[in-house]
Structure formats: structure tokens, C-alpha cells
$ cat input_4.cif   # mmCIF, C-alpha atoms
data_data
loop_
_atom_site.group_PDB
_atom_site.id
_atom_site.type_symbol
_atom_site.label_atom_id
_atom_site.label_comp_id
_atom_site.auth_asym_id
_atom_site.auth_seq_id
_atom_site.Cartn_x
_atom_site.Cartn_y
_atom_site.Cartn_z
ATOM 1 C CA PHE A 1 -6.565 -49.373 -85.856
ATOM 2 C CA GLN A 2 -9.296 -50.105 -83.324
ATOM 3 C CA ASP A 3 -9.561 -46.457 -82.290
ATOM 4 C CA ILE A 4 -8.955 -43.309 -84.298
ATOM 5 C CA ALA A 5 -6.389 -42.130 -81.714
ATOM 6 C CA ASP A 6 -4.301 -45.324 -81.993
ATOM 7 C CA SER A 7 -2.330 -43.966 -84.961
ATOM 8 C CA ARG A 8 -1.371 -40.908 -82.908
ATOM 9 C CA HIS A 9 -0.351 -43.127 -79.990
ATOM 10 C CA LEU A 10 1.792 -45.217 -82.334
ATOM 11 C CA ALA A 11 3.484 -42.074 -83.675
ATOM 12 C CA ASN A 12 4.144 -40.963 -80.084
ATOM 13 C CA ARG A 13 5.395 -44.440 -79.154
ATOM 14 C CA VAL A 14 2.922 -44.859 -76.316
ATOM 15 C CA GLU A 15 0.275 -47.519 -75.768
ATOM 16 C CA ARG A 16 -3.418 -46.666 -75.587
ATOM 17 C CA ASP A 17 -3.686 -48.190 -72.085
ATOM 18 C CA VAL A 18 -1.023 -45.775 -70.831
ATOM 19 C CA VAL A 19 -2.813 -42.774 -72.359
ATOM 20 C CA ASP A 20 -6.153 -43.964 -70.979
ATOM 21 C CA ALA A 21 -4.671 -44.419 -67.485
ATOM 22 C CA LEU A 22 -3.119 -40.950 -67.559
ATOM 23 C CA ALA A 23 -6.364 -39.353 -68.762
ATOM 24 C CA ALA A 24 -8.340 -41.154 -66.046
ATOM 25 C CA ALA A 25 -5.897 -40.019 -63.347
ATOM 26 C CA VAL A 26 -6.140 -36.409 -64.519
ATOM 27 C CA ARG A 27 -9.953 -36.539 -64.657
ATOM 28 C CA GLU A 28 -10.091 -38.003 -61.156
ATOM 29 C CA ALA A 29 -7.695 -35.476 -59.603
ATOM 30 C CA TYR A 30 -8.839 -32.380 -61.520
ATOM 31 C CA PRO A 31 -11.692 -31.225 -59.249
ATOM 32 C CA ARG A 32 -9.533 -31.376 -56.127
ATOM 33 C CA LEU A 33 -6.486 -29.806 -57.768
ATOM 34 C CA SER A 34 -8.320 -27.094 -59.671
ATOM 35 C CA HIS A 35 -10.254 -25.933 -56.596
ATOM 36 C CA ARG A 36 -7.047 -25.840 -54.585
ATOM 37 C CA TYR A 37 -5.224 -23.893 -57.315
ATOM 38 C CA TYR A 38 -7.984 -21.301 -57.684
ATOM 39 C CA ALA A 39 -8.192 -20.843 -53.902
ATOM 40 C CA MET A 40 -4.439 -20.201 -53.855
ATOM 41 C CA LYS A 41 -4.702 -17.853 -56.833
ATOM 42 C CA ALA A 42 -7.444 -15.865 -55.088
ATOM 43 C CA ARG A 43 -5.121 -15.392 -52.093
ATOM 44 C CA TRP A 44 -2.253 -14.353 -54.407
ATOM 45 C CA LEU A 45 -4.573 -11.767 -55.983
ATOM 46 C CA GLY A 46 -5.687 -10.539 -52.537
ATOM 47 C CA MET A 47 -9.263 -11.824 -52.862
ATOM 48 C CA ASP A 48 -11.379 -13.923 -50.528
ATOM 49 C CA VAL A 49 -13.371 -15.321 -53.436
ATOM 50 C CA MET A 50 -12.323 -15.093 -57.048
ATOM 51 C CA ASN A 51 -14.803 -14.083 -59.729
ATOM 52 C CA HIS A 52 -15.215 -16.453 -62.661
ATOM 53 C CA TRP A 53 -13.491 -14.045 -65.049
ATOM 54 C CA ASP A 54 -10.466 -13.706 -62.769
ATOM 55 C CA ARG A 55 -9.400 -17.290 -63.437
ATOM 56 C CA ASN A 56 -7.331 -16.165 -66.431
ATOM 57 C CA ALA A 57 -5.818 -13.115 -64.736
ATOM 58 C CA PRO A 58 -2.030 -13.126 -64.651
ATOM 59 C CA LEU A 59 -0.424 -13.943 -61.337
ATOM 60 C CA PRO A 60 1.071 -11.054 -59.368
ATOM 61 C CA GLU A 61 4.692 -10.344 -60.193
ATOM 62 C CA THR A 62 4.270 -11.951 -63.626
ATOM 63 C CA PRO A 63 6.459 -10.035 -66.053
ATOM 64 C CA LYS A 64 4.484 -8.438 -68.858
ATOM 65 C CA ALA A 65 5.439 -9.935 -72.185
ATOM 66 C CA VAL A 66 4.760 -8.323 -75.512
ATOM 67 C CA ILE A 67 4.835 -10.861 -78.303
ATOM 68 C CA ARG A 68 5.019 -9.507 -81.808
ATOM 69 C CA TRP A 69 2.368 -10.771 -84.233
ATOM 70 C CA ASP A 70 4.940 -12.309 -86.596
ATOM 71 C CA ASP A 71 6.588 -14.207 -83.726
ATOM 72 C CA ALA A 72 3.223 -15.475 -82.460
ATOM 73 C CA ARG A 73 2.205 -16.563 -85.958
ATOM 74 C CA ASP A 74 5.514 -18.384 -86.468
ATOM 75 C CA THR A 75 5.117 -20.160 -83.117
ATOM 76 C CA VAL A 76 1.628 -21.360 -84.017
ATOM 77 C CA LEU A 77 2.573 -22.418 -87.530
ATOM 78 C CA SER A 78 5.638 -24.338 -86.357
ATOM 79 C CA ALA A 79 3.718 -26.240 -83.665
#
$ encode --input "input_4.cif" --output "C-alpha cells"
Amino acid sequence: FQDIADSRHLANRVERDVVDALAAAVREAYPRLSHRYYAMKARWLGMDVMNHWDRNAPLPETPKAVIRWDDARDTVLSA
């Protein structure tokens, strides 16, 4: 393989050029999309400006989920 990731691409049946193009598109659009998302999230949370630590706050109306440790462990181990 020319690149260490090529074996993973082969296993996923995708060409490196496709992965590179997708990654480039995401990198290019991320600043615009992320700023827009966080501005919307601030409005949803009733804030004019969101603090840095509020980025990971759950959205309003998000149902609270309690995930048992064993279920979380099984999810991680089966991934």
C-alpha cells in the first residue's frame, strides 16, 4: 500500500481519491457550517452568545436517557 489508510479503504470498498475528496469538502465547509449550527443552538438555548462549554449541552426538549454501564460497555466493545 502507498498509504497506511489504503488497507482500510480497500476493506471499506472505497478509493482513496473518494475519501480524500470527502475529507476536503468537509474541511472546507466546516467553519461555515459549525458557526451556523452553534448560532442556531444558542438561539434554541435562549442565549445571544453561547459560552464555549455550552457547545456540548443537550438541545432543549431532548429526552433524558439513562444508559446502564453494562449496555454502554457492550456497545463500545461491539463497535
$ residues_around --input "input_4.cif" --residues "Asp6 in chain A" --least-positions-apart "6" --cutoff "12 Å" --atoms "only C-alpha atoms" --output "MDAnalysis selection string"
chainID A and resid 12:20
$ residues_around --input "input_4.cif" --residues "Glu61 in chain A" --least-positions-apart "3" --cutoff "12 Å" --atoms "all atoms listed in the file" --output "PDB file with C-alpha atoms, keeping the file's coordinate frame"
ATOM      1  CA  TRP A  44      -2.253 -14.353 -54.407  1.00  0.00           C
ATOM      2  CA  LEU A  45      -4.573 -11.767 -55.983  1.00  0.00           C
ATOM      3  CA  ALA A  57      -5.818 -13.115 -64.736  1.00  0.00           C
ATOM      4  CA  PRO A  58      -2.030 -13.126 -64.651  1.00  0.00           C
ATOM      5  CA  LYS A  64       4.484  -8.438 -68.858  1.00  0.00           C
TER       6      LYS A  64
END
$ residues_around --input "input_4.cif" --residues "range 25-41 of chain A" --least-positions-apart "5" --cutoff "9 Å" --atoms "all atoms listed in the file" --output "list in words"
Asp20, Gly46, Met47, Asp48, Val49, Met50, Arg55 and Leu59 of chain A
$ axis_aligned_box --input "input_4.cif" --around "range 38-56 of chain A" --padding-each-side "4 Å" --output "AutoDock Vina command-line options"
--center_x -8.7 --center_y -15.9 --center_z -58.5 --size_x 21.0 --size_y 18.8 --size_z 23.9
$ closest_residue --input "input_4.cif" --among "A:Gln2, A:Arg68, A:Pro60, A:Ala23" --to "Arg43 in chain A" --atoms "all atoms listed in the file"
A:Pro60
$ build_atoms --input "input_4.cif" --residues "range 30-50 of chain A" --atoms "N, CA and C atoms" --output "PDB file, in the frame of the given file"
ATOM      1  N   TYR A  30      -8.608 -33.768 -61.099  1.00  0.00           N
ATOM      2  CA  TYR A  30      -8.839 -32.380 -61.520  1.00  0.00           C
ATOM      3  C   TYR A  30      -9.705 -31.570 -60.559  1.00  0.00           C
ATOM      4  N   PRO A  31     -10.866 -32.070 -60.131  1.00  0.00           N
ATOM      5  CA  PRO A  31     -11.692 -31.225 -59.249  1.00  0.00           C
ATOM      6  C   PRO A  31     -10.948 -30.781 -57.987  1.00  0.00           C
ATOM      7  N   ARG A  32     -10.255 -31.692 -57.363  1.00  0.00           N
ATOM      8  CA  ARG A  32      -9.533 -31.376 -56.127  1.00  0.00           C
ATOM      9  C   ARG A  32      -8.396 -30.392 -56.413  1.00  0.00           C
ATOM     10  N   LEU A  33      -7.627 -30.659 -57.464  1.00  0.00           N
ATOM     11  CA  LEU A  33      -6.486 -29.806 -57.768  1.00  0.00           C
ATOM     12  C   LEU A  33      -6.901 -28.435 -58.275  1.00  0.00           C
ATOM     13  N   SER A  34      -7.923 -28.390 -59.118  1.00  0.00           N
ATOM     14  CA  SER A  34      -8.320 -27.094 -59.671  1.00  0.00           C
ATOM     15  C   SER A  34      -8.897 -26.192 -58.582  1.00  0.00           C
ATOM     16  N   HIS A  35      -9.701 -26.748 -57.678  1.00  0.00           N
ATOM     17  CA  HIS A  35     -10.254 -25.933 -56.596  1.00  0.00           C
ATOM     18  C   HIS A  35      -9.136 -25.412 -55.691  1.00  0.00           C
ATOM     19  N   ARG A  36      -8.171 -26.256 -55.428  1.00  0.00           N
ATOM     20  CA  ARG A  36      -7.047 -25.840 -54.585  1.00  0.00           C
ATOM     21  C   ARG A  36      -6.251 -24.729 -55.275  1.00  0.00           C
ATOM     22  N   TYR A  37      -5.982 -24.903 -56.576  1.00  0.00           N
ATOM     23  CA  TYR A  37      -5.224 -23.893 -57.315  1.00  0.00           C
ATOM     24  C   TYR A  37      -5.950 -22.552 -57.314  1.00  0.00           C
ATOM     25  N   TYR A  38      -7.255 -22.567 -57.609  1.00  0.00           N
ATOM     26  CA  TYR A  38      -7.984 -21.301 -57.684  1.00  0.00           C
ATOM     27  C   TYR A  38      -8.136 -20.645 -56.309  1.00  0.00           C
ATOM     28  N   ALA A  39      -8.183 -21.421 -55.251  1.00  0.00           N
ATOM     29  CA  ALA A  39      -8.192 -20.843 -53.902  1.00  0.00           C
ATOM     30  C   ALA A  39      -6.852 -20.161 -53.616  1.00  0.00           C
ATOM     31  N   MET A  40      -5.762 -20.807 -54.026  1.00  0.00           N
ATOM     32  CA  MET A  40      -4.439 -20.201 -53.855  1.00  0.00           C
ATOM     33  C   MET A  40      -4.312 -18.946 -54.709  1.00  0.00           C
ATOM     34  N   LYS A  41      -4.803 -19.007 -55.942  1.00  0.00           N
ATOM     35  CA  LYS A  41      -4.702 -17.853 -56.833  1.00  0.00           C
ATOM     36  C   LYS A  41      -5.492 -16.676 -56.272  1.00  0.00           C
ATOM     37  N   ALA A  42      -6.657 -16.940 -55.703  1.00  0.00           N
ATOM     38  CA  ALA A  42      -7.444 -15.865 -55.088  1.00  0.00           C
ATOM     39  C   ALA A  42      -6.630 -15.186 -53.988  1.00  0.00           C
ATOM     40  N   ARG A  43      -5.956 -15.971 -53.156  1.00  0.00           N
ATOM     41  CA  ARG A  43      -5.121 -15.392 -52.093  1.00  0.00           C
ATOM     42  C   ARG A  43      -3.988 -14.559 -52.696  1.00  0.00           C
ATOM     43  N   TRP A  44      -3.343 -15.090 -53.755  1.00  0.00           N
ATOM     44  CA  TRP A  44      -2.253 -14.353 -54.407  1.00  0.00           C
ATOM     45  C   TRP A  44      -2.740 -13.024 -54.969  1.00  0.00           C
ATOM     46  N   LEU A  45      -3.998 -12.994 -55.425  1.00  0.00           N
ATOM     47  CA  LEU A  45      -4.573 -11.767 -55.983  1.00  0.00           C
ATOM     48  C   LEU A  45      -5.200 -10.882 -54.906  1.00  0.00           C
ATOM     49  N   GLY A  46      -5.147 -11.325 -53.638  1.00  0.00           N
ATOM     50  CA  GLY A  46      -5.687 -10.539 -52.537  1.00  0.00           C
ATOM     51  C   GLY A  46      -7.200 -10.588 -52.439  1.00  0.00           C
ATOM     52  N   MET A  47      -7.805 -11.681 -52.884  1.00  0.00           N
ATOM     53  CA  MET A  47      -9.263 -11.824 -52.862  1.00  0.00           C
ATOM     54  C   MET A  47      -9.657 -12.946 -51.916  1.00  0.00           C
ATOM     55  N   ASP A  48     -10.829 -12.814 -51.306  1.00  0.00           N
ATOM     56  CA  ASP A  48     -11.379 -13.923 -50.528  1.00  0.00           C
ATOM     57  C   ASP A  48     -11.981 -14.954 -51.467  1.00  0.00           C
ATOM     58  N   VAL A  49     -12.732 -14.463 -52.436  1.00  0.00           N
ATOM     59  CA  VAL A  49     -13.371 -15.321 -53.436  1.00  0.00           C
ATOM     60  C   VAL A  49     -13.068 -14.720 -54.801  1.00  0.00           C
ATOM     61  N   MET A  50     -12.679 -15.560 -55.724  1.00  0.00           N
ATOM     62  CA  MET A  50     -12.323 -15.093 -57.048  1.00  0.00           C
ATOM     63  C   MET A  50     -13.541 -15.143 -57.964  1.00  0.00           C
TER      64      MET A  50
END
